[in-house]
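Text of work.cif (mmCIF, C-alpha atoms and all ligand atoms) as supplied:
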data_data
loop_
_atom_site.label_atom_id
_atom_site.label_comp_id
_atom_site.auth_asym_id
_atom_site.auth_seq_id
_atom_site.Cartn_x
_atom_site.Cartn_y
_atom_site.Cartn_z
CA MET E 20 129.27 148.30 179.78
CA LYS E 21 129.86 146.92 183.24
CA ARG E 22 133.13 145.15 183.97
CA VAL E 23 133.57 141.59 185.10
CA LEU E 24 136.72 139.94 186.37
CA SER E 25 137.43 136.45 187.58
CA GLY E 26 140.33 134.05 187.90
CA ILE E 27 141.07 130.37 188.22
CA GLN E 28 144.15 128.57 189.51
CA PRO E 29 146.11 126.18 187.29
CA THR E 30 146.67 123.76 190.14
CA ALA E 31 145.41 120.57 188.49
CA GLU E 32 145.60 118.74 185.17
CA SER E 33 141.94 119.57 184.57
CA PHE E 34 139.21 121.78 185.98
CA HIS E 35 136.53 119.87 187.83
CA LEU E 36 132.78 120.04 187.55
CA GLY E 37 132.54 122.47 190.49
CA ASN E 38 134.84 124.95 188.75
CA TYR E 39 132.72 124.80 185.63
CA LEU E 40 129.27 124.98 187.19
CA GLY E 41 130.23 127.32 190.02
CA ALA E 42 132.23 129.77 187.96
CA VAL E 43 133.29 129.24 184.34
CA ARG E 44 129.77 128.72 183.01
CA GLN E 45 128.83 132.17 184.32
CA TRP E 46 132.01 133.61 182.78
CA VAL E 47 130.85 132.38 179.39
CA GLU E 48 127.42 133.99 179.82
CA LEU E 49 128.77 137.28 181.16
CA GLN E 50 131.20 137.79 178.27
CA LYS E 51 128.13 138.38 176.07
CA THR E 52 126.84 141.33 178.07
CA HIS E 53 129.86 142.67 179.96
CA ASP E 54 133.39 143.91 179.40
CA ALA E 55 134.91 140.73 180.76
CA PHE E 56 138.45 140.02 182.00
CA TYR E 57 139.38 136.46 182.91
CA CYS E 58 142.76 135.23 184.05
CA VAL E 59 144.62 132.05 184.81
CA VAL E 60 146.09 132.97 188.20
CA ASP E 61 149.46 131.29 187.96
CA LEU E 62 150.96 133.50 190.70
CA HIS E 63 148.33 132.25 193.12
CA ALA E 64 149.27 128.71 192.15
CA LEU E 65 152.79 129.31 193.50
CA THR E 66 151.38 128.92 197.01
CA VAL E 67 151.38 125.19 196.25
CA GLU E 68 154.85 123.81 195.52
CA THR E 69 154.80 122.45 191.97
CA GLU E 70 157.41 121.20 189.49
CA PRO E 71 158.13 124.01 186.98
CA ALA E 72 157.30 121.84 183.96
CA VAL E 73 154.02 120.82 185.58
CA LEU E 74 153.00 124.39 186.37
CA ARG E 75 153.81 125.43 182.81
CA ARG E 76 151.72 122.62 181.35
CA ARG E 77 148.82 123.20 183.70
CA THR E 78 148.75 126.91 182.91
CA LEU E 79 148.44 126.23 179.19
CA VAL E 80 145.90 123.45 179.76
CA ALA E 81 143.88 125.87 181.88
CA ALA E 82 143.86 128.54 179.18
CA ALA E 83 142.98 126.03 176.45
CA GLN E 84 140.23 124.57 178.58
CA LEU E 85 138.67 127.96 179.21
CA ILE E 86 138.43 128.54 175.47
CA ALA E 87 137.09 125.02 174.91
CA LEU E 88 134.45 125.65 177.58
CA GLY E 89 133.21 128.68 175.68
CA LEU E 90 135.36 131.73 176.38
CA ASP E 91 135.83 133.62 173.15
CA PRO E 92 139.05 135.68 173.08
CA ASP E 93 137.31 138.07 170.68
CA LYS E 94 134.55 138.70 173.21
CA CYS E 95 136.54 138.75 176.44
CA THR E 96 140.06 139.51 177.60
CA LEU E 97 141.72 136.22 178.50
CA PHE E 98 145.19 136.40 180.00
CA ILE E 99 147.75 134.94 182.34
CA GLN E 100 148.15 136.76 185.63
CA SER E 101 151.97 136.77 185.68
CA HIS E 102 152.00 138.55 182.30
CA VAL E 103 150.63 141.63 184.04
CA PRO E 104 153.09 142.71 186.75
CA GLU E 105 150.69 145.38 188.01
CA HIS E 106 148.91 142.61 189.96
CA ASN E 107 151.90 142.28 192.29
CA GLN E 108 152.37 146.03 192.46
CA LEU E 109 148.80 146.74 193.54
CA GLY E 110 148.97 143.67 195.78
CA TRP E 111 151.73 145.31 197.83
CA VAL E 112 149.73 148.53 198.21
CA LEU E 113 146.74 146.57 199.48
CA GLU E 114 148.92 144.53 201.84
CA CYS E 115 149.86 147.82 203.48
CA LEU E 116 146.16 148.51 204.01
CA ALA E 117 145.00 145.10 205.21
CA GLY E 118 145.09 144.23 208.89
CA PHE E 119 146.96 141.18 210.12
CA GLY E 120 143.87 140.10 212.08
CA GLU E 121 141.64 140.66 209.07
CA ALA E 122 143.83 138.42 206.89
CA SER E 123 144.04 135.82 209.68
CA ARG E 124 140.27 135.44 209.64
CA MET E 125 140.11 134.12 206.07
CA THR E 126 138.64 130.65 206.42
CA GLN E 127 140.46 129.17 203.41
CA PHE E 128 143.77 130.25 204.94
CA LYS E 129 142.77 128.89 208.34
CA ASP E 130 141.73 125.52 206.87
CA LYS E 131 144.79 125.11 204.69
CA SER E 132 147.31 126.32 207.26
CA GLN E 133 145.79 124.13 209.96
CA LYS E 134 146.20 121.12 207.71
CA SER E 135 149.90 121.73 207.01
CA GLY E 136 150.99 123.42 210.26
CA ALA E 137 152.57 126.88 210.73
CA ASP E 138 156.09 125.94 209.71
CA ARG E 139 155.02 124.43 206.43
CA THR E 140 152.57 127.19 205.55
CA VAL E 141 154.04 129.75 203.19
CA VAL E 142 153.51 133.49 203.73
CA GLY E 143 152.05 133.66 200.21
CA LEU E 144 149.10 131.62 201.37
CA PHE E 145 148.42 134.25 204.02
CA THR E 146 148.58 137.18 201.59
CA TYR E 147 146.81 135.24 198.83
CA PRO E 148 143.39 136.93 199.29
CA ILE E 149 145.05 140.35 199.11
CA LEU E 150 146.61 139.52 195.74
CA GLN E 151 143.13 138.37 194.72
CA ALA E 152 141.75 141.77 195.78
CA ALA E 153 144.38 143.39 193.55
CA ASP E 154 143.37 141.13 190.62
CA ILE E 155 139.83 142.41 190.91
CA MET E 156 140.29 146.10 191.63
CA LEU E 157 143.03 146.61 189.07
CA TYR E 158 140.29 146.21 186.45
CA GLN E 159 137.70 148.32 188.29
CA ALA E 160 135.42 145.29 188.10
CA ASN E 161 131.76 145.63 189.07
CA LEU E 162 131.07 141.89 189.22
CA VAL E 163 133.11 138.86 190.20
CA PRO E 164 131.57 135.52 189.15
CA VAL E 165 132.74 132.83 191.61
CA GLY E 166 131.53 129.91 193.69
CA GLU E 167 130.38 130.28 197.28
CA ASP E 168 133.83 129.43 198.69
CA GLN E 169 135.16 132.75 197.39
CA ARG E 170 132.53 134.98 199.00
CA GLN E 171 134.71 135.92 201.96
CA HIS E 172 137.58 136.93 199.67
CA ILE E 173 135.27 139.25 197.73
CA GLU E 174 134.09 140.75 201.02
CA LEU E 175 137.71 141.45 201.93
CA THR E 176 138.23 143.05 198.52
CA ARG E 177 135.27 145.34 199.13
CA ASP E 178 136.56 146.30 202.57
CA LEU E 179 140.01 147.11 201.22
CA GLY E 180 138.56 149.12 198.33
CA GLN E 181 136.30 151.12 200.63
CA ARG E 182 139.17 151.74 203.04
CA PHE E 183 141.42 152.98 200.25
CA ASN E 184 138.72 155.22 198.78
CA SER E 185 137.87 156.82 202.09
CA ARG E 186 141.53 157.39 202.99
CA TYR E 187 142.91 158.53 199.67
CA GLY E 188 139.91 159.59 197.59
CA GLN E 189 137.69 157.72 195.13
CA THR E 190 139.98 155.36 193.23
CA PHE E 191 138.43 151.88 193.08
CA VAL E 192 135.10 150.54 191.96
CA ILE E 193 133.73 148.39 194.79
CA PRO E 194 132.95 144.98 193.27
CA GLU E 195 130.13 142.60 194.01
CA ALA E 196 130.28 138.83 194.11
CA TYR E 197 128.16 137.14 191.45
CA ILE E 198 127.24 133.74 192.87
CA LEU E 199 124.54 131.61 191.28
CA LYS E 200 122.51 129.93 193.98
CA SER E 201 121.87 126.73 192.03
CA ALA E 202 125.58 126.02 191.41
CA ALA E 203 127.26 127.91 194.24
CA LYS E 204 128.63 124.72 195.73
CA ILE E 205 128.93 121.44 193.85
CA ASN E 206 129.82 118.69 196.28
CA ASP E 207 132.20 115.76 196.26
CA LEU E 208 130.52 112.59 194.97
CA GLN E 209 132.04 110.49 197.76
CA ASP E 210 131.39 113.01 200.52
CA PRO E 211 128.36 115.02 199.41
CA THR E 212 128.55 117.35 202.40
CA ALA E 213 131.99 118.66 201.36
CA LYS E 214 132.66 120.78 198.28
CA MET E 215 134.22 119.18 195.22
CA SER E 216 137.83 120.31 195.42
CA LYS E 217 141.16 119.91 193.66
CA SER E 218 142.76 119.39 197.03
CA ALA E 219 140.40 116.60 198.17
CA ALA E 220 142.23 113.74 199.91
CA SER E 221 140.86 111.31 197.31
CA ASN E 222 140.03 111.99 193.69
CA ALA E 223 137.23 109.42 193.65
CA GLY E 224 134.48 112.00 194.17
CA VAL E 225 135.88 114.67 191.84
CA ILE E 226 134.73 114.81 188.21
CA ASP E 227 137.60 116.13 186.12
CA ILE E 228 136.36 117.65 182.88
CA LEU E 229 139.28 116.34 180.84
CA ASP E 230 139.14 112.77 182.12
CA ALA E 231 138.08 110.00 179.75
CA ALA E 232 134.35 109.22 179.73
CA ASP E 233 134.74 105.76 181.29
CA ILE E 234 136.53 107.19 184.33
CA ASN E 235 133.77 109.70 184.97
CA VAL E 236 130.99 107.17 184.35
CA LYS E 237 132.57 104.94 186.98
CA LYS E 238 132.87 107.78 189.49
CA ILE E 239 129.25 108.82 189.01
CA LYS E 240 127.98 105.27 189.28
CA SER E 241 129.85 104.83 192.55
CA ALA E 242 128.68 108.17 193.96
CA VAL E 243 127.57 107.91 197.57
CA THR E 244 123.79 108.07 197.77
CA ASP E 245 121.42 108.25 200.66
CA THR E 246 119.05 105.95 202.45
CA GLY E 247 115.61 105.63 200.88
CA LYS E 248 114.82 105.16 197.22
CA GLU E 249 113.28 108.37 195.99
CA ILE E 250 114.94 110.79 193.62
CA VAL E 251 113.98 114.02 195.37
CA PHE E 252 115.85 117.20 196.15
CA ASP E 253 116.41 117.44 199.91
CA GLU E 254 119.85 118.80 200.71
CA LYS E 255 119.63 118.05 204.41
CA ASN E 256 118.46 114.44 204.33
CA LYS E 257 119.58 113.46 200.82
CA PRO E 258 122.78 115.39 200.08
CA GLY E 259 124.07 112.79 197.59
CA ILE E 260 120.95 112.68 195.41
CA SER E 261 120.48 116.45 195.71
CA ASN E 262 124.02 117.03 194.47
CA LEU E 263 123.47 114.72 191.48
CA LEU E 264 120.15 116.43 190.73
CA SER E 265 121.89 119.83 190.74
CA ILE E 266 124.56 118.53 188.37
CA HIS E 267 122.06 116.96 185.96
CA SER E 268 119.84 120.02 186.02
CA ALA E 269 122.71 122.46 185.40
CA LEU E 270 124.03 120.51 182.42
CA SER E 271 120.78 119.29 180.85
CA GLY E 272 118.77 122.45 181.44
CA ASN E 273 115.88 120.43 182.93
CA SER E 274 114.51 121.87 186.14
CA ILE E 275 114.92 119.89 189.36
CA LYS E 276 111.12 119.52 189.53
CA ASP E 277 111.03 118.02 186.01
CA LEU E 278 113.80 115.61 186.92
CA GLU E 279 111.99 114.53 190.08
CA ASN E 280 108.91 113.79 187.96
CA GLN E 281 110.89 112.08 185.23
CA PHE E 282 112.58 109.74 187.74
CA ALA E 283 109.58 109.13 190.00
CA GLY E 284 109.39 105.39 190.67
CA LYS E 285 112.83 104.72 189.17
CA GLY E 286 115.85 103.59 191.17
CA TYR E 287 119.14 105.27 192.01
CA GLY E 288 120.90 103.13 189.38
CA ASP E 289 118.80 104.48 186.51
CA PHE E 290 119.22 108.01 187.74
CA LYS E 291 123.01 107.71 188.06
CA SER E 292 123.24 106.33 184.52
CA ALA E 293 121.33 109.35 183.27
CA VAL E 294 123.63 111.74 185.16
CA ALA E 295 126.68 109.94 183.77
CA GLU E 296 125.36 110.30 180.24
CA VAL E 297 124.61 114.00 180.61
CA VAL E 298 128.09 114.66 182.05
CA THR E 299 130.03 112.65 179.48
CA ASP E 300 128.04 114.00 176.50
CA PHE E 301 128.57 117.53 177.72
CA PHE E 302 132.32 117.30 178.19
CA ALA E 303 133.38 115.07 175.26
CA PRO E 304 133.62 118.00 172.80
CA VAL E 305 135.40 120.12 175.44
CA ARG E 306 138.11 117.49 175.80
CA GLN E 307 138.51 117.30 172.04
CA LYS E 308 138.71 121.08 171.60
CA THR E 309 141.21 121.45 174.46
CA GLN E 310 143.50 118.92 172.81
CA GLU E 311 143.26 120.72 169.48
CA LEU E 312 144.17 124.05 171.07
CA LEU E 313 147.12 122.53 172.93
CA ALA E 314 148.42 120.99 169.72
CA ASP E 315 149.22 124.49 168.42
CA GLU E 316 150.97 126.05 171.39
CA ALA E 317 152.31 129.01 169.41
CA ALA E 318 148.79 130.05 168.39
CA LEU E 319 147.57 129.68 171.98
CA LEU E 320 150.44 131.81 173.31
CA GLN E 321 149.69 134.42 170.66
CA LEU E 322 146.06 134.63 171.78
CA LEU E 323 147.20 135.03 175.36
CA ALA E 324 149.70 137.73 174.40
CA VAL E 325 146.90 139.78 172.87
CA GLY E 326 144.85 139.30 176.06
CA SER E 327 147.76 140.31 178.29
CA GLN E 328 148.33 143.49 176.33
CA LYS E 329 144.68 144.49 176.63
CA ALA E 330 144.78 143.68 180.34
CA ARG E 331 147.96 145.70 180.89
CA ASP E 332 146.46 148.76 179.27
CA VAL E 333 143.72 148.83 181.88
CA ALA E 334 145.90 147.67 184.78
CA ALA E 335 148.60 150.29 184.21
CA LYS E 336 146.03 153.06 184.30
CA THR E 337 144.57 151.94 187.62
CA LEU E 338 148.01 151.47 189.13
CA ALA E 339 149.09 154.98 188.08
CA GLN E 340 145.93 156.45 189.66
CA THR E 341 146.58 154.44 192.83
CA TYR E 342 150.22 155.51 193.13
CA SER E 343 149.27 159.11 192.53
CA ALA E 344 146.51 158.98 195.17
CA LEU E 345 149.04 157.60 197.65
CA GLY E 346 151.53 160.41 196.99
CA LEU E 347 154.19 158.22 195.40
CA VAL E 348 156.33 160.49 193.23
CA PRO E 349 156.10 159.48 189.57
CA PRO E 350 159.33 159.13 187.59
CA LYS E 351 160.24 162.09 185.34
CA LEU E 352 159.56 161.09 181.72
P1 LIG E 401 139.82 128.20 192.30
O1 LIG E 401 140.86 128.11 191.26
O2 LIG E 401 139.96 127.35 193.52
O3 LIG E 401 138.40 127.90 191.69
C1 LIG E 401 137.94 128.54 190.51
C2 LIG E 401 136.45 128.84 190.63
O4 LIG E 401 135.71 127.63 190.84
C3 LIG E 401 134.82 127.80 191.95
N1 LIG E 401 134.64 126.51 192.61
C4 LIG E 401 133.43 125.95 192.88
N2 LIG E 401 132.18 126.36 192.66
C5 LIG E 401 131.17 125.54 193.04
N3 LIG E 401 131.37 124.32 193.63
C6 LIG E 401 132.62 123.87 193.87
N4 LIG E 401 132.81 122.68 194.43
C7 LIG E 401 133.73 124.69 193.50
N5 LIG E 401 135.08 124.55 193.59
C8 LIG E 401 135.62 125.67 193.05
C9 LIG E 401 135.53 128.81 192.85
O5 LIG E 401 134.63 129.44 193.73
C10 LIG E 401 136.14 129.74 191.84
O6 LIG E 401 135.21 130.73 191.45
N6 LIG E 401 140.94 132.40 194.78
C11 LIG E 401 140.35 131.88 193.56
C12 LIG E 401 141.07 132.30 192.30
C13 LIG E 401 141.20 133.77 192.10
C14 LIG E 401 140.16 134.68 191.79
C15 LIG E 401 140.78 135.94 191.63
C16 LIG E 401 138.77 134.54 191.66
C17 LIG E 401 142.36 134.50 192.13
N7 LIG E 401 142.11 135.80 191.84
C18 LIG E 401 140.04 137.09 191.34
C19 LIG E 401 138.04 135.69 191.35
C20 LIG E 401 138.67 136.94 191.20
C21 LIG E 401 140.43 130.35 193.62
O7 LIG E 401 141.24 129.79 194.33
O8 LIG E 401 139.62 129.72 192.75
#
Show how you would write the structure in this file as structure tokens.
Ligand code: TYM
Amino acid sequence: MKRVLSGIQPTAESFHLGNYLGAVRQWVELQKTHDAFYCVVDLHALTVETEPAVLRRRTLVAAAQLIALGLDPDKCTLFIQSHVPEHNQLGWVLECLAGFGEASRMTQFKDKSQKSGADRTVVGLFTYPILQAADIMLYQANLVPVGEDQRQHIELTRDLGQRFNSRYGQTFVIPEAYILKSAAKINDLQDPTAKMSKSAASNAGVIDILDAADINVKKIKSAVTDTGKEIVFDEKNKPGISNLLSIHSALSGNSIKDLENQFAGKGYGDFKSAVAEVVTDFFAPVRQKTQELLADEAALLQLLAVGSQKARDVAAKTLAQTYSALGLVPPKL
């Protein structure tokens, strides 16, 4: 069975629609056919300064939400990154392989560091993609289901893996990004040329899965649309309507063509109401299930402990092989 690994940051009170359609939905599918490892990357979340109680809550909400969205801990290995210290250990090895220039070219780092300025940018943000490479290669993953914004990080992972293998002998599986074209980039409802993001300046165009239905209905009804009246998919000239069509299609299962036919001659208002209904119907049970899981924290932590143990078994093996390939002397048992 091929291996899959992916991760998500617990940096918000809820995942947004882009996280679900771009990534988590594929995680749920892939757990049926692959040996799948999924983690809440709490160490990555440390690159954003957060109150300890908030980080703790968000990490548990993230894990509960993943289960509510369809991850089955009996079918996949679900764990918290910081429970598996091998991530940091392999991260260091890969940092010693990555070039400074190479890491400087990561566009997410460039964007984020430009926004906050050099003095307020933490070093962890710079090495972030290298820790991500360790997350992936520690599990010898073949596939990494992510949204388009992560493509460059997967490329870096591949480069580091190939470099290691050619210098020290075959050690790592070289992973491939698994990016679904139709949901690779879900855009902000207020600025449909920018991706929907947790770090958006305003939350008005971000659909949070755990928000109450009325909040999301309001956001969808006030989504920015385009000139003209037709409901047709045209990303260049009608980015707003195209984004809403992608969202409807992904959640309802109707093809974009069918939706265009169904809404031919109807106005933007009717179409937005339909999108709002599809979104709220889809996520109502997820909200409910997340709350149920959070109500029994001990049971949730127990599930995660089982996942972490399974993850550590694999991670420790890869780390031992890596250390040995590097010539690090193992301790005498
Ligand atoms: P994160 O936490 O920002 O996002 C989680 C996943 O959601 C996808 N995504 C989107 N997809 C489509 N449209 C959008 N608007 C959108 N916004 C977010 C992301 O592409 C991602 O797949 N660096 C990663 C976390 C990570 C990771 C890993 C991923 C750490 N280690 C190892 C894969 C493998 C991140 O910040 O994702």
Return as a PyMOL selection string every polymer residue, whether protein, DNA or RNA, with at least one atom no more than 7 Å from an atom of ligand LIG 401 (chain E); count all atoms listed in the file. chain E and resi 24-29+37-42+60+63+148+151-152+154-155+163-169+202-206+214-216
Restricting it to C-alpha atoms, dump the selection as a PDB file, in the coordinates of the input.
ATOM      1  CA  LEU E  24     136.720 139.940 186.370  1.00  0.00           C
ATOM      2  CA  SER E  25     137.430 136.450 187.580  1.00  0.00           C
ATOM      3  CA  GLY E  26     140.330 134.050 187.900  1.00  0.00           C
ATOM      4  CA  ILE E  27     141.070 130.370 188.220  1.00  0.00           C
ATOM      5  CA  GLN E  28     144.150 128.570 189.510  1.00  0.00           C
ATOM      6  CA  PRO E  29     146.110 126.180 187.290  1.00  0.00           C
ATOM      7  CA  GLY E  37     132.540 122.470 190.490  1.00  0.00           C
ATOM      8  CA  ASN E  38     134.840 124.950 188.750  1.00  0.00           C
ATOM      9  CA  TYR E  39     132.720 124.800 185.630  1.00  0.00           C
ATOM     10  CA  LEU E  40     129.270 124.980 187.190  1.00  0.00           C
ATOM     11  CA  GLY E  41     130.230 127.320 190.020  1.00  0.00           C
ATOM     12  CA  ALA E  42     132.230 129.770 187.960  1.00  0.00           C
ATOM     13  CA  VAL E  60     146.090 132.970 188.200  1.00  0.00           C
ATOM     14  CA  HIS E  63     148.330 132.250 193.120  1.00  0.00           C
ATOM     15  CA  PRO E 148     143.390 136.930 199.290  1.00  0.00           C
ATOM     16  CA  GLN E 151     143.130 138.370 194.720  1.00  0.00           C
ATOM     17  CA  ALA E 152     141.750 141.770 195.780  1.00  0.00           C
ATOM     18  CA  ASP E 154     143.370 141.130 190.620  1.00  0.00           C
ATOM     19  CA  ILE E 155     139.830 142.410 190.910  1.00  0.00           C
ATOM     20  CA  VAL E 163     133.110 138.860 190.200  1.00  0.00           C
ATOM     21  CA  PRO E 164     131.570 135.520 189.150  1.00  0.00           C
ATOM     22  CA  VAL E 165     132.740 132.830 191.610  1.00  0.00           C
ATOM     23  CA  GLY E 166     131.530 129.910 193.690  1.00  0.00           C
ATOM     24  CA  GLU E 167     130.380 130.280 197.280  1.00  0.00           C
ATOM     25  CA  ASP E 168     133.830 129.430 198.690  1.00  0.00           C
ATOM     26  CA  GLN E 169     135.160 132.750 197.390  1.00  0.00           C
ATOM     27  CA  ALA E 202     125.580 126.020 191.410  1.00  0.00           C
ATOM     28  CA  ALA E 203     127.260 127.910 194.240  1.00  0.00           C
ATOM     29  CA  LYS E 204     128.630 124.720 195.730  1.00  0.00           C
ATOM     30  CA  ILE E 205     128.930 121.440 193.850  1.00  0.00           C
ATOM     31  CA  ASN E 206     129.820 118.690 196.280  1.00  0.00           C
ATOM     32  CA  LYS E 214     132.660 120.780 198.280  1.00  0.00           C
ATOM     33  CA  MET E 215     134.220 119.180 195.220  1.00  0.00           C
ATOM     34  CA  SER E 216     137.830 120.310 195.420  1.00  0.00           C
TER      35      SER E 216
END
Selection near Ile193 in chain E, 12 Å with all atoms listed in the file, sequence-local residues under 3 positions removed, as a short mmCIF file (atom, residue, chain, number, x, y, z; two decimals) with C-alpha atoms, keeping the file's coordinate frame:
data_model
loop_
_atom_site.label_atom_id
_atom_site.label_comp_id
_atom_site.auth_asym_id
_atom_site.auth_seq_id
_atom_site.Cartn_x
_atom_site.Cartn_y
_atom_site.Cartn_z
CA ARG E 22 133.13 145.15 183.97
CA VAL E 23 133.57 141.59 185.10
CA ALA E 152 141.75 141.77 195.78
CA ALA E 153 144.38 143.39 193.55
CA ILE E 155 139.83 142.41 190.91
CA MET E 156 140.29 146.10 191.63
CA LEU E 157 143.03 146.61 189.07
CA TYR E 158 140.29 146.21 186.45
CA GLN E 159 137.70 148.32 188.29
CA ALA E 160 135.42 145.29 188.10
CA ASN E 161 131.76 145.63 189.07
CA LEU E 162 131.07 141.89 189.22
CA VAL E 163 133.11 138.86 190.20
CA ILE E 173 135.27 139.25 197.73
CA GLU E 174 134.09 140.75 201.02
CA LEU E 175 137.71 141.45 201.93
CA THR E 176 138.23 143.05 198.52
CA ARG E 177 135.27 145.34 199.13
CA ASP E 178 136.56 146.30 202.57
CA LEU E 179 140.01 147.11 201.22
CA GLY E 180 138.56 149.12 198.33
CA GLN E 181 136.30 151.12 200.63
CA ARG E 182 139.17 151.74 203.04
CA PHE E 183 141.42 152.98 200.25
CA ASN E 184 138.72 155.22 198.78
CA SER E 185 137.87 156.82 202.09
CA GLN E 189 137.69 157.72 195.13
CA THR E 190 139.98 155.36 193.23
CA ALA E 196 130.28 138.83 194.11
#
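One finds CA of Gln45 in chain E at 19.8 Å from CA of Asp300 in chain E.
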How many Å lie between CA of Val243 in chain E and CA of Gln307 in chain E, rounded to one decimal?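 Atom-to-atom, CA of Val243 in chain E and CA of Gln307 in chain E are spaced 29.3 Å apart.
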Within 9 Å of range 333-344 of chain E, counting only C-alpha atoms, which residues qualify if same-chain residues fewer than 3 places away don't, as a compact mmCIF listing (two decimals) with C-alpha atoms, keeping the file's coordinate frame?
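Full text of result_5.txt as output:
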# COMPACT_ATOMS: atom_id res chain seq x y z
CA VAL E 103 150.63 141.63 184.04
CA PRO E 104 153.09 142.71 186.75
CA GLU E 105 150.69 145.38 188.01
CA HIS E 106 148.91 142.61 189.96
CA GLN E 108 152.37 146.03 192.46
CA LEU E 109 148.80 146.74 193.54
CA VAL E 112 149.73 148.53 198.21
CA MET E 156 140.29 146.10 191.63
CA LEU E 157 143.03 146.61 189.07
CA TYR E 158 140.29 146.21 186.45
CA GLN E 159 137.70 148.32 188.29
CA TYR E 187 142.91 158.53 199.67
CA GLY E 188 139.91 159.59 197.59
CA GLN E 189 137.69 157.72 195.13
CA THR E 190 139.98 155.36 193.23
CA PHE E 191 138.43 151.88 193.08
CA GLN E 328 148.33 143.49 176.33
CA LYS E 329 144.68 144.49 176.63
CA ALA E 330 144.78 143.68 180.34
CA LEU E 347 154.19 158.22 195.40
CA VAL E 348 156.33 160.49 193.23
CA PRO E 349 156.10 159.48 189.57
Any idea what the distance is between CA of Phe119 in chain E and CA of Gly143 in chain E? 13.4 Å
Skip Lys276 in chain E itself and residues of its chain fewer than 5 positions away, then list as number ranges by chain all residues within 10 Å of it, counting all atoms listed in the file. E: 251-252, 264, 268, 281
Of the candidates E:Gln84, E:Ser241, E:Ser327, E:Ser265, which one gets nearest to Cys58 in chain E if we count all atoms listed in the file?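 Among the listed residues, E:Ser327 lies closest to Cys58 in chain E.
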Quick one: everything within 12 Å of Val298 in chain E, counting only C-alpha atoms, minus sequence neighbours fewer than 3 positions away in the same chain. Send it as an MDAnalysis selection string. chainID E and resid 35:36 39:40 226:240 263:271 291:295 301:305
I need the chosen residues saved as a short mmCIF file (atom, residue, chain, number, x, y, z; two decimals), keeping the file's coordinate frame, with C-alpha atoms.
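For reference, selection-v6.cif as written:
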data_model
loop_
_atom_site.label_atom_id
_atom_site.label_comp_id
_atom_site.auth_asym_id
_atom_site.auth_seq_id
_atom_site.Cartn_x
_atom_site.Cartn_y
_atom_site.Cartn_z
CA HIS E 35 136.53 119.87 187.83
CA LEU E 36 132.78 120.04 187.55
CA TYR E 39 132.72 124.80 185.63
CA LEU E 40 129.27 124.98 187.19
CA ILE E 226 134.73 114.81 188.21
CA ASP E 227 137.60 116.13 186.12
CA ILE E 228 136.36 117.65 182.88
CA LEU E 229 139.28 116.34 180.84
CA ASP E 230 139.14 112.77 182.12
CA ALA E 231 138.08 110.00 179.75
CA ALA E 232 134.35 109.22 179.73
CA ASP E 233 134.74 105.76 181.29
CA ILE E 234 136.53 107.19 184.33
CA ASN E 235 133.77 109.70 184.97
CA VAL E 236 130.99 107.17 184.35
CA LYS E 237 132.57 104.94 186.98
CA LYS E 238 132.87 107.78 189.49
CA ILE E 239 129.25 108.82 189.01
CA LYS E 240 127.98 105.27 189.28
CA LEU E 263 123.47 114.72 191.48
CA LEU E 264 120.15 116.43 190.73
CA SER E 265 121.89 119.83 190.74
CA ILE E 266 124.56 118.53 188.37
CA HIS E 267 122.06 116.96 185.96
CA SER E 268 119.84 120.02 186.02
CA ALA E 269 122.71 122.46 185.40
CA LEU E 270 124.03 120.51 182.42
CA SER E 271 120.78 119.29 180.85
CA LYS E 291 123.01 107.71 188.06
CA SER E 292 123.24 106.33 184.52
CA ALA E 293 121.33 109.35 183.27
CA VAL E 294 123.63 111.74 185.16
CA ALA E 295 126.68 109.94 183.77
CA PHE E 301 128.57 117.53 177.72
CA PHE E 302 132.32 117.30 178.19
CA ALA E 303 133.38 115.07 175.26
CA PRO E 304 133.62 118.00 172.80
CA VAL E 305 135.40 120.12 175.44
#
Taking all atoms listed in the file into account, which of E:Ala283, E:Ala213, E:Ala117, E:Ala31 comes nearest Val80 in chain E? E:Ala31
Show me, as a list in words, the residues that have an atom within 12 Å of Val325 in chain E when counting all atoms listed in the file, minus same-chain residues fewer than 4 positions from it. Pro92, Asp93, Cys95, Thr96, Leu97, Phe98, Ile99, His102, Val103, Ala318, Leu319, Leu320, Gln321, Lys329, Ala330, Arg331 and Asp332 of chain E
Nearest to Ala87 in chain E, restricted to all atoms listed in the file and choosing among E:Met20, E:Leu312, E:Leu199, E:Ile275, comes out as E:Leu312
Which residue of E:Thr146, E:Thr244, E:Ser201, E:Gln209 approaches Gly110 in chain E most closely, using only C-alpha atoms: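 The shortest atom-to-atom distance to Gly110 in chain E comes from E:Thr146.
Residue nearest Val73 in chain E, chosen from E:Glu48, E:Asp61, E:Asp207, E:Asp130 and counting all atoms listed in the file: E:Asp61.
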Could you check the closest approach to Asn107 in chain E for each of E:Arg306, E:Tyr147, E:Gly224, E:Asn280 and tell me which residue wins, using only C-alpha atoms? E:Tyr147
